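Shown next: start-v8.cif, containing mmCIF, N, CA, C and O atoms.
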```cif
data_entry
loop_
_atom_site.group_PDB
_atom_site.id
_atom_site.type_symbol
_atom_site.label_atom_id
_atom_site.label_comp_id
_atom_site.auth_asym_id
_atom_site.auth_seq_id
_atom_site.Cartn_x
_atom_site.Cartn_y
_atom_site.Cartn_z
ATOM 1 N N MET A 1 -60.948 -7.519 -89.756
ATOM 2 C CA MET A 1 -60.594 -8.694 -88.992
ATOM 3 C C MET A 1 -60.689 -9.948 -89.860
ATOM 4 O O MET A 1 -59.937 -10.880 -89.654
ATOM 5 N N LYS A 2 -61.616 -9.937 -90.790
ATOM 6 C CA LYS A 2 -61.740 -11.096 -91.669
ATOM 7 C C LYS A 2 -60.459 -11.333 -92.455
ATOM 8 O O LYS A 2 -60.052 -12.469 -92.654
ATOM 9 N N LYS A 3 -59.806 -10.249 -92.878
ATOM 10 C CA LYS A 3 -58.559 -10.370 -93.630
ATOM 11 C C LYS A 3 -57.464 -11.030 -92.811
ATOM 12 O O LYS A 3 -56.588 -11.684 -93.350
ATOM 13 N N LEU A 4 -57.524 -10.859 -91.499
ATOM 14 C CA LEU A 4 -56.522 -11.452 -90.606
ATOM 15 C C LEU A 4 -56.911 -12.851 -90.148
ATOM 16 O O LEU A 4 -56.195 -13.482 -89.388
ATOM 17 N N GLY A 5 -58.090 -13.309 -90.566
ATOM 18 C CA GLY A 5 -58.535 -14.639 -90.189
ATOM 19 C C GLY A 5 -59.165 -14.718 -88.807
ATOM 20 O O GLY A 5 -59.281 -15.787 -88.234
ATOM 21 N N VAL A 6 -59.572 -13.552 -88.276
ATOM 22 C CA VAL A 6 -60.189 -13.520 -86.961
ATOM 23 C C VAL A 6 -61.647 -13.930 -87.087
ATOM 24 O O VAL A 6 -62.364 -13.463 -87.963
ATOM 25 N N LYS A 7 -62.074 -14.825 -86.214
ATOM 26 C CA LYS A 7 -63.472 -15.251 -86.212
ATOM 27 C C LYS A 7 -64.151 -14.681 -84.978
ATOM 28 O O LYS A 7 -63.638 -14.793 -83.873
ATOM 29 N N LEU A 8 -65.280 -14.047 -85.184
ATOM 30 C CA LEU A 8 -66.025 -13.477 -84.081
ATOM 31 C C LEU A 8 -66.799 -14.565 -83.356
ATOM 32 O O LEU A 8 -67.295 -15.503 -83.972
ATOM 33 N N SER A 9 -66.904 -14.411 -82.061
ATOM 34 C CA SER A 9 -67.663 -15.351 -81.258
ATOM 35 C C SER A 9 -68.577 -14.547 -80.356
ATOM 36 O O SER A 9 -68.131 -13.933 -79.391
ATOM 37 N N ILE A 10 -69.834 -14.521 -80.697
ATOM 38 C CA ILE A 10 -70.799 -13.755 -79.927
ATOM 39 C C ILE A 10 -71.925 -14.688 -79.516
ATOM 40 O O ILE A 10 -72.523 -15.372 -80.348
ATOM 41 N N ALA A 11 -72.207 -14.703 -78.224
ATOM 42 C CA ALA A 11 -73.292 -15.539 -77.713
ATOM 43 C C ALA A 11 -74.630 -14.885 -78.030
ATOM 44 O O ALA A 11 -74.750 -13.668 -78.083
ATOM 45 N N ALA A 12 -75.641 -15.704 -78.215
ATOM 46 C CA ALA A 12 -76.984 -15.181 -78.430
ATOM 47 C C ALA A 12 -77.479 -14.516 -77.150
ATOM 48 O O ALA A 12 -77.072 -14.879 -76.042
ATOM 49 N N VAL A 13 -78.355 -13.547 -77.291
ATOM 50 C CA VAL A 13 -78.908 -12.847 -76.140
ATOM 51 C C VAL A 13 -79.593 -13.845 -75.213
ATOM 52 O O VAL A 13 -80.376 -14.688 -75.647
ATOM 53 N N GLY A 14 -79.249 -13.775 -73.931
ATOM 54 C CA GLY A 14 -79.867 -14.654 -72.950
ATOM 55 C C GLY A 14 -79.299 -16.057 -72.914
ATOM 56 O O GLY A 14 -79.847 -16.941 -72.264
ATOM 57 N N GLU A 15 -78.189 -16.294 -73.586
ATOM 58 C CA GLU A 15 -77.565 -17.617 -73.628
ATOM 59 C C GLU A 15 -76.116 -17.556 -73.152
ATOM 60 O O GLU A 15 -75.177 -17.727 -73.933
ATOM 61 N N PRO A 16 -75.882 -17.324 -71.861
ATOM 62 C CA PRO A 16 -74.508 -17.220 -71.377
ATOM 63 C C PRO A 16 -73.719 -18.514 -71.520
ATOM 64 O O PRO A 16 -72.497 -18.496 -71.541
ATOM 65 N N ARG A 17 -74.409 -19.638 -71.646
ATOM 66 C CA ARG A 17 -73.699 -20.915 -71.790
ATOM 67 C C ARG A 17 -72.911 -20.988 -73.088
ATOM 68 O O ARG A 17 -71.971 -21.755 -73.216
ATOM 69 N N GLU A 18 -73.270 -20.156 -74.053
ATOM 70 C CA GLU A 18 -72.551 -20.150 -75.320
ATOM 71 C C GLU A 18 -71.194 -19.455 -75.204
ATOM 72 O O GLU A 18 -70.397 -19.527 -76.111
ATOM 73 N N ASN A 19 -70.971 -18.760 -74.116
ATOM 74 C CA ASN A 19 -69.726 -18.027 -73.944
ATOM 75 C C ASN A 19 -69.185 -18.316 -72.543
ATOM 76 O O ASN A 19 -68.893 -17.402 -71.778
ATOM 77 N N GLY A 20 -69.040 -19.569 -72.236
ATOM 78 C CA GLY A 20 -68.680 -20.012 -70.895
ATOM 79 C C GLY A 20 -67.368 -19.465 -70.357
ATOM 80 O O GLY A 20 -67.274 -19.104 -69.191
ATOM 81 N N TYR A 21 -66.341 -19.398 -71.183
ATOM 82 C CA TYR A 21 -65.040 -18.922 -70.704
ATOM 83 C C TYR A 21 -65.119 -17.467 -70.254
ATOM 84 O O TYR A 21 -64.612 -17.107 -69.195
ATOM 85 N N ALA A 22 -65.738 -16.629 -71.061
ATOM 86 C CA ALA A 22 -65.850 -15.211 -70.708
ATOM 87 C C ALA A 22 -66.728 -15.037 -69.483
ATOM 88 O O ALA A 22 -66.434 -14.231 -68.600
ATOM 89 N N GLU A 23 -67.812 -15.792 -69.410
ATOM 90 C CA GLU A 23 -68.706 -15.693 -68.254
ATOM 91 C C GLU A 23 -67.974 -16.101 -66.983
ATOM 92 O O GLU A 23 -68.129 -15.485 -65.937
ATOM 93 N N ARG A 24 -67.184 -17.146 -67.047
ATOM 94 C CA ARG A 24 -66.445 -17.604 -65.872
ATOM 95 C C ARG A 24 -65.394 -16.576 -65.449
ATOM 96 O O ARG A 24 -65.191 -16.339 -64.258
ATOM 97 N N LEU A 25 -64.736 -15.971 -66.408
ATOM 98 C CA LEU A 25 -63.761 -14.932 -66.103
ATOM 99 C C LEU A 25 -64.428 -13.775 -65.373
ATOM 100 O O LEU A 25 -63.934 -13.298 -64.348
ATOM 101 N N MET A 26 -65.550 -13.311 -65.882
ATOM 102 C CA MET A 26 -66.250 -12.195 -65.251
ATOM 103 C C MET A 26 -66.719 -12.581 -63.848
ATOM 104 O O MET A 26 -66.649 -11.777 -62.919
ATOM 105 N N ARG A 27 -67.173 -13.802 -63.662
ATOM 106 C CA ARG A 27 -67.596 -14.255 -62.343
ATOM 107 C C ARG A 27 -66.417 -14.288 -61.365
ATOM 108 O O ARG A 27 -66.533 -13.875 -60.215
ATOM 109 N N THR A 28 -65.272 -14.760 -61.828
ATOM 110 C CA THR A 28 -64.082 -14.805 -60.982
ATOM 111 C C THR A 28 -63.653 -13.411 -60.567
ATOM 112 O O THR A 28 -63.338 -13.173 -59.401
ATOM 113 N N ILE A 29 -63.638 -12.484 -61.509
ATOM 114 C CA ILE A 29 -63.282 -11.105 -61.173
ATOM 115 C C ILE A 29 -64.243 -10.547 -60.138
ATOM 116 O O ILE A 29 -63.829 -9.939 -59.158
ATOM 117 N N GLN A 30 -65.517 -10.781 -60.340
ATOM 118 C CA GLN A 30 -66.513 -10.266 -59.403
ATOM 119 C C GLN A 30 -66.343 -10.893 -58.023
ATOM 120 O O GLN A 30 -66.334 -10.193 -57.016
ATOM 121 N N GLU A 31 -66.192 -12.201 -57.962
ATOM 122 C CA GLU A 31 -66.094 -12.887 -56.674
ATOM 123 C C GLU A 31 -64.788 -12.576 -55.949
ATOM 124 O O GLU A 31 -64.786 -12.359 -54.741
ATOM 125 N N GLU A 32 -63.686 -12.583 -56.650
ATOM 126 C CA GLU A 32 -62.380 -12.460 -55.994
ATOM 127 C C GLU A 32 -61.903 -11.027 -55.814
ATOM 128 O O GLU A 32 -61.084 -10.760 -54.951
ATOM 129 N N GLU A 33 -62.391 -10.119 -56.616
ATOM 130 C CA GLU A 33 -61.924 -8.732 -56.501
ATOM 131 C C GLU A 33 -63.023 -7.822 -55.968
ATOM 132 O O GLU A 33 -62.883 -7.207 -54.934
ATOM 133 N N VAL A 34 -64.119 -7.758 -56.657
ATOM 134 C CA VAL A 34 -65.148 -6.774 -56.327
ATOM 135 C C VAL A 34 -65.828 -7.079 -55.005
ATOM 136 O O VAL A 34 -65.935 -6.211 -54.135
ATOM 137 N N GLU A 35 -66.285 -8.302 -54.808
ATOM 138 C CA GLU A 35 -67.035 -8.630 -53.600
ATOM 139 C C GLU A 35 -66.171 -8.688 -52.343
ATOM 140 O O GLU A 35 -66.687 -8.578 -51.237
ATOM 141 N N LEU A 36 -64.884 -8.843 -52.483
ATOM 142 C CA LEU A 36 -63.994 -8.926 -51.323
ATOM 143 C C LEU A 36 -63.301 -7.601 -51.017
ATOM 144 O O LEU A 36 -62.438 -7.538 -50.155
ATOM 145 N N SER A 37 -63.684 -6.539 -51.707
ATOM 146 C CA SER A 37 -63.024 -5.251 -51.534
ATOM 147 C C SER A 37 -64.019 -4.186 -51.073
ATOM 148 O O SER A 37 -65.195 -4.245 -51.381
ATOM 149 N N ASP A 38 -63.499 -3.227 -50.332
ATOM 150 C CA ASP A 38 -64.294 -2.090 -49.881
ATOM 151 C C ASP A 38 -63.723 -0.841 -50.537
ATOM 152 O O ASP A 38 -62.761 -0.258 -50.046
ATOM 153 N N TYR A 39 -64.281 -0.468 -51.667
ATOM 154 C CA TYR A 39 -63.773 0.669 -52.421
ATOM 155 C C TYR A 39 -64.320 1.976 -51.866
ATOM 156 O O TYR A 39 -65.473 2.069 -51.481
ATOM 157 N N GLN A 40 -63.477 2.997 -51.861
ATOM 158 C CA GLN A 40 -63.874 4.315 -51.375
ATOM 159 C C GLN A 40 -64.340 5.236 -52.506
ATOM 160 O O GLN A 40 -65.047 6.204 -52.255
ATOM 161 N N ASN A 41 -63.932 4.922 -53.729
ATOM 162 C CA ASN A 41 -64.350 5.729 -54.876
ATOM 163 C C ASN A 41 -64.265 4.881 -56.141
ATOM 164 O O ASN A 41 -63.804 3.745 -56.119
ATOM 165 N N PHE A 42 -64.688 5.461 -57.245
ATOM 166 C CA PHE A 42 -64.740 4.728 -58.506
ATOM 167 C C PHE A 42 -63.353 4.400 -59.050
ATOM 168 O O PHE A 42 -63.161 3.385 -59.717
ATOM 169 N N ALA A 43 -62.380 5.233 -58.768
ATOM 170 C CA ALA A 43 -61.034 5.029 -59.314
ATOM 171 C C ALA A 43 -60.326 3.821 -58.694
ATOM 172 O O ALA A 43 -59.505 3.185 -59.347
ATOM 173 N N GLU A 44 -60.626 3.489 -57.456
ATOM 174 C CA GLU A 44 -59.945 2.371 -56.782
ATOM 175 C C GLU A 44 -60.113 1.034 -57.495
ATOM 176 O O GLU A 44 -59.123 0.344 -57.739
ATOM 177 N N PRO A 45 -61.324 0.606 -57.826
ATOM 178 C CA PRO A 45 -61.414 -0.695 -58.512
ATOM 179 C C PRO A 45 -60.770 -0.680 -59.881
ATOM 180 O O PRO A 45 -60.217 -1.682 -60.321
ATOM 181 N N MET A 46 -60.817 0.454 -60.544
ATOM 182 C CA MET A 46 -60.199 0.547 -61.868
ATOM 183 C C MET A 46 -58.691 0.313 -61.765
ATOM 184 O O MET A 46 -58.109 -0.379 -62.582
ATOM 185 N N SER A 47 -58.068 0.869 -60.735
ATOM 186 C CA SER A 47 -56.624 0.696 -60.583
ATOM 187 C C SER A 47 -56.283 -0.703 -60.070
ATOM 188 O O SER A 47 -55.264 -1.269 -60.439
ATOM 189 N N GLN A 48 -57.122 -1.288 -59.243
ATOM 190 C CA GLN A 48 -56.889 -2.634 -58.714
ATOM 191 C C GLN A 48 -56.949 -3.682 -59.813
ATOM 192 O O GLN A 48 -56.137 -4.580 -59.879
ATOM 193 N N ILE A 49 -57.947 -3.582 -60.656
ATOM 194 C CA ILE A 49 -58.152 -4.588 -61.704
ATOM 195 C C ILE A 49 -57.193 -4.345 -62.866
ATOM 196 O O ILE A 49 -56.907 -5.245 -63.639
ATOM 197 N N GLY A 50 -56.697 -3.139 -62.990
ATOM 198 C CA GLY A 50 -55.811 -2.835 -64.113
ATOM 199 C C GLY A 50 -56.587 -2.661 -65.396
ATOM 200 O O GLY A 50 -56.130 -3.024 -66.468
ATOM 201 N N TYR A 51 -57.771 -2.101 -65.299
ATOM 202 C CA TYR A 51 -58.648 -1.947 -66.451
ATOM 203 C C TYR A 51 -58.093 -0.941 -67.439
ATOM 204 O O TYR A 51 -57.597 0.108 -67.067
ATOM 205 N N PHE A 52 -58.198 -1.274 -68.700
ATOM 206 C CA PHE A 52 -57.870 -0.364 -69.784
ATOM 207 C C PHE A 52 -59.054 -0.325 -70.726
ATOM 208 O O PHE A 52 -59.707 -1.340 -70.953
ATOM 209 N N THR A 53 -59.317 0.844 -71.293
ATOM 210 C CA THR A 53 -60.291 0.894 -72.374
ATOM 211 C C THR A 53 -59.665 0.171 -73.559
ATOM 212 O O THR A 53 -58.439 -0.017 -73.596
ATOM 213 N N PRO A 54 -60.448 -0.234 -74.542
ATOM 214 C CA PRO A 54 -59.846 -0.891 -75.704
ATOM 215 C C PRO A 54 -58.750 -0.042 -76.356
ATOM 216 O O PRO A 54 -57.709 -0.565 -76.746
ATOM 217 N N LYS A 55 -58.965 1.262 -76.442
ATOM 218 C CA LYS A 55 -57.956 2.139 -77.039
ATOM 219 C C LYS A 55 -56.690 2.176 -76.187
ATOM 220 O O LYS A 55 -55.577 2.087 -76.714
ATOM 221 N N GLU A 56 -56.842 2.292 -74.858
ATOM 222 C CA GLU A 56 -55.683 2.306 -73.972
ATOM 223 C C GLU A 56 -54.909 0.987 -74.056
ATOM 224 O O GLU A 56 -53.686 0.976 -74.068
ATOM 225 N N PHE A 57 -55.636 -0.126 -74.121
ATOM 226 C CA PHE A 57 -54.996 -1.439 -74.232
ATOM 227 C C PHE A 57 -54.172 -1.525 -75.510
ATOM 228 O O PHE A 57 -53.028 -1.968 -75.502
ATOM 229 N N GLU A 58 -54.763 -1.079 -76.608
ATOM 230 C CA GLU A 58 -54.056 -1.134 -77.886
ATOM 231 C C GLU A 58 -52.800 -0.267 -77.856
ATOM 232 O O GLU A 58 -51.735 -0.682 -78.333
ATOM 233 N N GLU A 59 -52.914 0.928 -77.280
ATOM 234 C CA GLU A 59 -51.760 1.814 -77.201
ATOM 235 C C GLU A 59 -50.637 1.198 -76.367
ATOM 236 O O GLU A 59 -49.472 1.250 -76.740
ATOM 237 N N GLN A 60 -51.002 0.603 -75.240
ATOM 238 C CA GLN A 60 -49.995 -0.036 -74.401
ATOM 239 C C GLN A 60 -49.379 -1.233 -75.111
ATOM 240 O O GLN A 60 -48.177 -1.447 -75.064
ATOM 241 N N TRP A 61 -50.208 -2.015 -75.770
ATOM 242 C CA TRP A 61 -49.732 -3.195 -76.505
ATOM 243 C C TRP A 61 -48.717 -2.778 -77.567
ATOM 244 O O TRP A 61 -47.676 -3.409 -77.721
ATOM 245 N N LYS A 62 -49.024 -1.704 -78.281
ATOM 246 C CA LYS A 62 -48.105 -1.230 -79.321
ATOM 247 C C LYS A 62 -46.787 -0.758 -78.719
ATOM 248 O O LYS A 62 -45.718 -1.031 -79.258
ATOM 249 N N LYS A 63 -46.859 -0.041 -77.595
ATOM 250 C CA LYS A 63 -45.642 0.450 -76.945
ATOM 251 C C LYS A 63 -44.743 -0.704 -76.510
ATOM 252 O O LYS A 63 -43.524 -0.643 -76.637
ATOM 253 N N GLU A 64 -45.352 -1.757 -75.983
ATOM 254 C CA GLU A 64 -44.577 -2.903 -75.506
ATOM 255 C C GLU A 64 -43.892 -3.644 -76.641
ATOM 256 O O GLU A 64 -42.900 -4.321 -76.430
ATOM 257 N N ARG A 65 -44.393 -3.513 -77.832
ATOM 258 C CA ARG A 65 -43.826 -4.246 -78.965
ATOM 259 C C ARG A 65 -42.891 -3.399 -79.810
ATOM 260 O O ARG A 65 -42.298 -3.891 -80.756
ATOM 261 N N GLU A 66 -42.801 -2.122 -79.494
ATOM 262 C CA GLU A 66 -41.862 -1.278 -80.225
ATOM 263 C C GLU A 66 -40.448 -1.715 -79.891
ATOM 264 O O GLU A 66 -40.115 -1.973 -78.749
ATOM 265 N N ARG A 67 -39.651 -1.777 -80.886
ATOM 266 C CA ARG A 67 -38.254 -2.148 -80.672
ATOM 267 C C ARG A 67 -37.388 -0.932 -80.923
ATOM 268 O O ARG A 67 -37.569 -0.241 -81.925
ATOM 269 N N PRO A 68 -36.463 -0.687 -80.045
ATOM 270 C CA PRO A 68 -35.579 0.448 -80.293
ATOM 271 C C PRO A 68 -34.755 0.202 -81.545
ATOM 272 O O PRO A 68 -34.289 -0.913 -81.783
ATOM 273 N N THR A 69 -34.609 1.218 -82.332
ATOM 274 C CA THR A 69 -33.812 1.080 -83.543
ATOM 275 C C THR A 69 -32.361 1.384 -83.212
ATOM 276 O O THR A 69 -32.067 2.238 -82.387
ATOM 277 N N THR A 70 -31.503 0.655 -83.823
ATOM 278 C CA THR A 70 -30.076 0.873 -83.611
ATOM 279 C C THR A 70 -29.434 1.241 -84.938
ATOM 280 O O THR A 70 -29.873 0.808 -86.000
ATOM 281 N N THR A 71 -28.424 2.038 -84.853
ATOM 282 C CA THR A 71 -27.694 2.411 -86.059
ATOM 283 C C THR A 71 -26.285 1.854 -85.954
ATOM 284 O O THR A 71 -25.688 1.832 -84.889
ATOM 285 N N GLN A 72 -25.824 1.393 -87.041
ATOM 286 C CA GLN A 72 -24.458 0.880 -87.079
ATOM 287 C C GLN A 72 -23.540 1.960 -87.613
ATOM 288 O O GLN A 72 -23.867 2.642 -88.587
ATOM 289 N N THR A 73 -22.397 2.105 -86.989
ATOM 290 C CA THR A 73 -21.431 3.100 -87.450
ATOM 291 C C THR A 73 -20.161 2.447 -87.904
ATOM 292 O O THR A 73 -19.835 1.361 -87.611
#
```
Show how you would write the structure in this file as structure tokens.
Amino acid sequence: MKKLGVKLSIAAVGEPRENGYAERLMRTIQEEEVELSDYQNFAEPMSQIGYFTPKEFEEQWKKERERPTTTQT
């Protein structure tokens, strides 16, 4: 990631104020989706939120960016 210029941002343990955007996102998901829903099983919230594991997300991201190749005749 360093080669790509990516900078890591990790909050110190016990300091959620250092990562306010992520904390607010998680709070919004919890308040608007989880607390207002009555799930019957574990799979329901996963499908509602559209959760992907990091590997699944990467695979989907790559598929969306693939361009069909065309041949000229």
Taking the file as shown, find all residues satisfying the PyMOL selection byres (((chain A and resi 25-35 and name CA) around 12) and name CA) and write them as a PyMOL selection string. chain A and resi 16+19-24+36-39+42+44-51
Taken to one decimal, the atom C of Lys63 in chain A-atom O of Leu4 in chain A distance is 21.5 Å
Alpha helix (DSSP H) residues, from DSSP on the backbone, in chain A, as a PyMOL selection string: chain A and resi 20-29+43-49+54-65
Coordinates-based distance that separates atom N of Trp61 in chain A from atom C of Asn41 in chain A (Å, one decimal):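 Distance between the two atoms: 25.1 Å.
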What separation in Å, quoted to one decimal, exists between CA of Glu58 in chain A and CA of Met1 in chain A?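 Computing it gives 14.9 Å between the two atoms.
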Quick one: range 51-62 of chain A with all heavy atoms, as a PDB file, keeping the file's coordinate frame?
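Output file part.pdb is given in full below:
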```pdb
ATOM      1  N   TYR A  51     -57.771  -2.101 -65.299  1.00  0.00           N
ATOM      2  CA  TYR A  51     -58.648  -1.947 -66.451  1.00  0.00           C
ATOM      3  C   TYR A  51     -58.093  -0.941 -67.439  1.00  0.00           C
ATOM      4  O   TYR A  51     -57.597   0.108 -67.067  1.00  0.00           O
ATOM      5  CB  TYR A  51     -60.037  -1.492 -66.003  1.00  0.00           C
ATOM      6  CG  TYR A  51     -60.960  -1.213 -67.153  1.00  0.00           C
ATOM      7  CD1 TYR A  51     -61.611  -2.248 -67.797  1.00  0.00           C
ATOM      8  CD2 TYR A  51     -61.141   0.074 -67.618  1.00  0.00           C
ATOM      9  CE1 TYR A  51     -62.442  -2.003 -68.868  1.00  0.00           C
ATOM     10  CE2 TYR A  51     -61.962   0.338 -68.687  1.00  0.00           C
ATOM     11  CZ  TYR A  51     -62.614  -0.708 -69.310  1.00  0.00           C
ATOM     12  OH  TYR A  51     -63.426  -0.457 -70.373  1.00  0.00           O
ATOM     13  N   PHE A  52     -58.198  -1.274 -68.700  1.00  0.00           N
ATOM     14  CA  PHE A  52     -57.870  -0.364 -69.784  1.00  0.00           C
ATOM     15  C   PHE A  52     -59.054  -0.325 -70.726  1.00  0.00           C
ATOM     16  O   PHE A  52     -59.707  -1.340 -70.953  1.00  0.00           O
ATOM     17  CB  PHE A  52     -56.670  -0.865 -70.605  1.00  0.00           C
ATOM     18  CG  PHE A  52     -55.379  -0.868 -69.849  1.00  0.00           C
ATOM     19  CD1 PHE A  52     -54.841  -2.044 -69.393  1.00  0.00           C
ATOM     20  CD2 PHE A  52     -54.701   0.315 -69.621  1.00  0.00           C
ATOM     21  CE1 PHE A  52     -53.639  -2.059 -68.702  1.00  0.00           C
ATOM     22  CE2 PHE A  52     -53.494   0.314 -68.932  1.00  0.00           C
ATOM     23  CZ  PHE A  52     -52.967  -0.866 -68.475  1.00  0.00           C
ATOM     24  N   THR A  53     -59.317   0.844 -71.293  1.00  0.00           N
ATOM     25  CA  THR A  53     -60.291   0.894 -72.374  1.00  0.00           C
ATOM     26  C   THR A  53     -59.665   0.171 -73.559  1.00  0.00           C
ATOM     27  O   THR A  53     -58.439  -0.017 -73.596  1.00  0.00           O
ATOM     28  CB  THR A  53     -60.617   2.350 -72.761  1.00  0.00           C
ATOM     29  OG1 THR A  53     -59.440   2.950 -73.304  1.00  0.00           O
ATOM     30  CG2 THR A  53     -61.138   3.147 -71.575  1.00  0.00           C
ATOM     31  N   PRO A  54     -60.448  -0.234 -74.542  1.00  0.00           N
ATOM     32  CA  PRO A  54     -59.846  -0.891 -75.704  1.00  0.00           C
ATOM     33  C   PRO A  54     -58.750  -0.042 -76.356  1.00  0.00           C
ATOM     34  O   PRO A  54     -57.709  -0.565 -76.746  1.00  0.00           O
ATOM     35  CB  PRO A  54     -61.031  -1.101 -76.642  1.00  0.00           C
ATOM     36  CG  PRO A  54     -62.195  -1.254 -75.716  1.00  0.00           C
ATOM     37  CD  PRO A  54     -61.914  -0.281 -74.598  1.00  0.00           C
ATOM     38  N   LYS A  55     -58.965   1.262 -76.442  1.00  0.00           N
ATOM     39  CA  LYS A  55     -57.956   2.139 -77.039  1.00  0.00           C
ATOM     40  C   LYS A  55     -56.690   2.176 -76.187  1.00  0.00           C
ATOM     41  O   LYS A  55     -55.577   2.087 -76.714  1.00  0.00           O
ATOM     42  CB  LYS A  55     -58.516   3.548 -77.205  1.00  0.00           C
ATOM     43  CG  LYS A  55     -57.561   4.480 -77.901  1.00  0.00           C
ATOM     44  CD  LYS A  55     -58.175   5.841 -78.113  1.00  0.00           C
ATOM     45  CE  LYS A  55     -57.171   6.741 -78.821  1.00  0.00           C
ATOM     46  NZ  LYS A  55     -57.715   8.048 -79.111  1.00  0.00           N
ATOM     47  N   GLU A  56     -56.842   2.292 -74.858  1.00  0.00           N
ATOM     48  CA  GLU A  56     -55.683   2.306 -73.972  1.00  0.00           C
ATOM     49  C   GLU A  56     -54.909   0.987 -74.056  1.00  0.00           C
ATOM     50  O   GLU A  56     -53.686   0.976 -74.068  1.00  0.00           O
ATOM     51  CB  GLU A  56     -56.116   2.551 -72.528  1.00  0.00           C
ATOM     52  CG  GLU A  56     -56.648   3.939 -72.271  1.00  0.00           C
ATOM     53  CD  GLU A  56     -57.316   4.070 -70.918  1.00  0.00           C
ATOM     54  OE1 GLU A  56     -57.774   3.053 -70.357  1.00  0.00           O
ATOM     55  OE2 GLU A  56     -57.389   5.206 -70.426  1.00  0.00           O
ATOM     56  N   PHE A  57     -55.636  -0.126 -74.121  1.00  0.00           N
ATOM     57  CA  PHE A  57     -54.996  -1.439 -74.232  1.00  0.00           C
ATOM     58  C   PHE A  57     -54.172  -1.525 -75.510  1.00  0.00           C
ATOM     59  O   PHE A  57     -53.028  -1.968 -75.502  1.00  0.00           O
ATOM     60  CB  PHE A  57     -56.050  -2.550 -74.207  1.00  0.00           C
ATOM     61  CG  PHE A  57     -55.454  -3.909 -74.357  1.00  0.00           C
ATOM     62  CD1 PHE A  57     -54.954  -4.585 -73.261  1.00  0.00           C
ATOM     63  CD2 PHE A  57     -55.369  -4.518 -75.603  1.00  0.00           C
ATOM     64  CE1 PHE A  57     -54.382  -5.844 -73.392  1.00  0.00           C
ATOM     65  CE2 PHE A  57     -54.800  -5.773 -75.750  1.00  0.00           C
ATOM     66  CZ  PHE A  57     -54.306  -6.432 -74.640  1.00  0.00           C
ATOM     67  N   GLU A  58     -54.763  -1.079 -76.608  1.00  0.00           N
ATOM     68  CA  GLU A  58     -54.056  -1.134 -77.886  1.00  0.00           C
ATOM     69  C   GLU A  58     -52.800  -0.267 -77.856  1.00  0.00           C
ATOM     70  O   GLU A  58     -51.735  -0.682 -78.333  1.00  0.00           O
ATOM     71  CB  GLU A  58     -54.968  -0.684 -79.014  1.00  0.00           C
ATOM     72  CG  GLU A  58     -54.306  -0.735 -80.378  1.00  0.00           C
ATOM     73  CD  GLU A  58     -55.210  -0.297 -81.497  1.00  0.00           C
ATOM     74  OE1 GLU A  58     -56.337   0.175 -81.238  1.00  0.00           O
ATOM     75  OE2 GLU A  58     -54.776  -0.413 -82.662  1.00  0.00           O
ATOM     76  N   GLU A  59     -52.914   0.928 -77.280  1.00  0.00           N
ATOM     77  CA  GLU A  59     -51.760   1.814 -77.201  1.00  0.00           C
ATOM     78  C   GLU A  59     -50.637   1.198 -76.367  1.00  0.00           C
ATOM     79  O   GLU A  59     -49.472   1.250 -76.740  1.00  0.00           O
ATOM     80  CB  GLU A  59     -52.180   3.170 -76.630  1.00  0.00           C
ATOM     81  CG  GLU A  59     -53.013   3.985 -77.601  1.00  0.00           C
ATOM     82  CD  GLU A  59     -53.640   5.218 -76.966  1.00  0.00           C
ATOM     83  OE1 GLU A  59     -53.488   5.428 -75.737  1.00  0.00           O
ATOM     84  OE2 GLU A  59     -54.299   5.968 -77.700  1.00  0.00           O
ATOM     85  N   GLN A  60     -51.002   0.603 -75.240  1.00  0.00           N
ATOM     86  CA  GLN A  60     -49.995  -0.036 -74.401  1.00  0.00           C
ATOM     87  C   GLN A  60     -49.379  -1.233 -75.111  1.00  0.00           C
ATOM     88  O   GLN A  60     -48.177  -1.447 -75.064  1.00  0.00           O
ATOM     89  CB  GLN A  60     -50.580  -0.469 -73.068  1.00  0.00           C
ATOM     90  CG  GLN A  60     -49.532  -1.118 -72.176  1.00  0.00           C
ATOM     91  CD  GLN A  60     -50.059  -1.484 -70.819  1.00  0.00           C
ATOM     92  OE1 GLN A  60     -51.138  -1.085 -70.421  1.00  0.00           O
ATOM     93  NE2 GLN A  60     -49.300  -2.268 -70.084  1.00  0.00           N
ATOM     94  N   TRP A  61     -50.208  -2.015 -75.770  1.00  0.00           N
ATOM     95  CA  TRP A  61     -49.732  -3.195 -76.505  1.00  0.00           C
ATOM     96  C   TRP A  61     -48.717  -2.778 -77.567  1.00  0.00           C
ATOM     97  O   TRP A  61     -47.676  -3.409 -77.721  1.00  0.00           O
ATOM     98  CB  TRP A  61     -50.932  -3.900 -77.134  1.00  0.00           C
ATOM     99  CG  TRP A  61     -50.584  -5.144 -77.869  1.00  0.00           C
ATOM    100  CD1 TRP A  61     -50.399  -6.388 -77.349  1.00  0.00           C
ATOM    101  CD2 TRP A  61     -50.396  -5.273 -79.287  1.00  0.00           C
ATOM    102  NE1 TRP A  61     -50.107  -7.277 -78.354  1.00  0.00           N
ATOM    103  CE2 TRP A  61     -50.098  -6.630 -79.547  1.00  0.00           C
ATOM    104  CE3 TRP A  61     -50.460  -4.385 -80.350  1.00  0.00           C
ATOM    105  CZ2 TRP A  61     -49.860  -7.099 -80.821  1.00  0.00           C
ATOM    106  CZ3 TRP A  61     -50.213  -4.857 -81.629  1.00  0.00           C
ATOM    107  CH2 TRP A  61     -49.915  -6.200 -81.848  1.00  0.00           C
ATOM    108  N   LYS A  62     -49.024  -1.704 -78.281  1.00  0.00           N
ATOM    109  CA  LYS A  62     -48.105  -1.230 -79.321  1.00  0.00           C
ATOM    110  C   LYS A  62     -46.787  -0.758 -78.719  1.00  0.00           C
ATOM    111  O   LYS A  62     -45.718  -1.031 -79.258  1.00  0.00           O
ATOM    112  CB  LYS A  62     -48.750  -0.112 -80.133  1.00  0.00           C
ATOM    113  CG  LYS A  62     -49.819  -0.609 -81.073  1.00  0.00           C
ATOM    114  CD  LYS A  62     -50.447   0.538 -81.837  1.00  0.00           C
ATOM    115  CE  LYS A  62     -51.512   0.038 -82.792  1.00  0.00           C
ATOM    116  NZ  LYS A  62     -52.155   1.147 -83.533  1.00  0.00           N
TER     117      LYS A  62
END
```
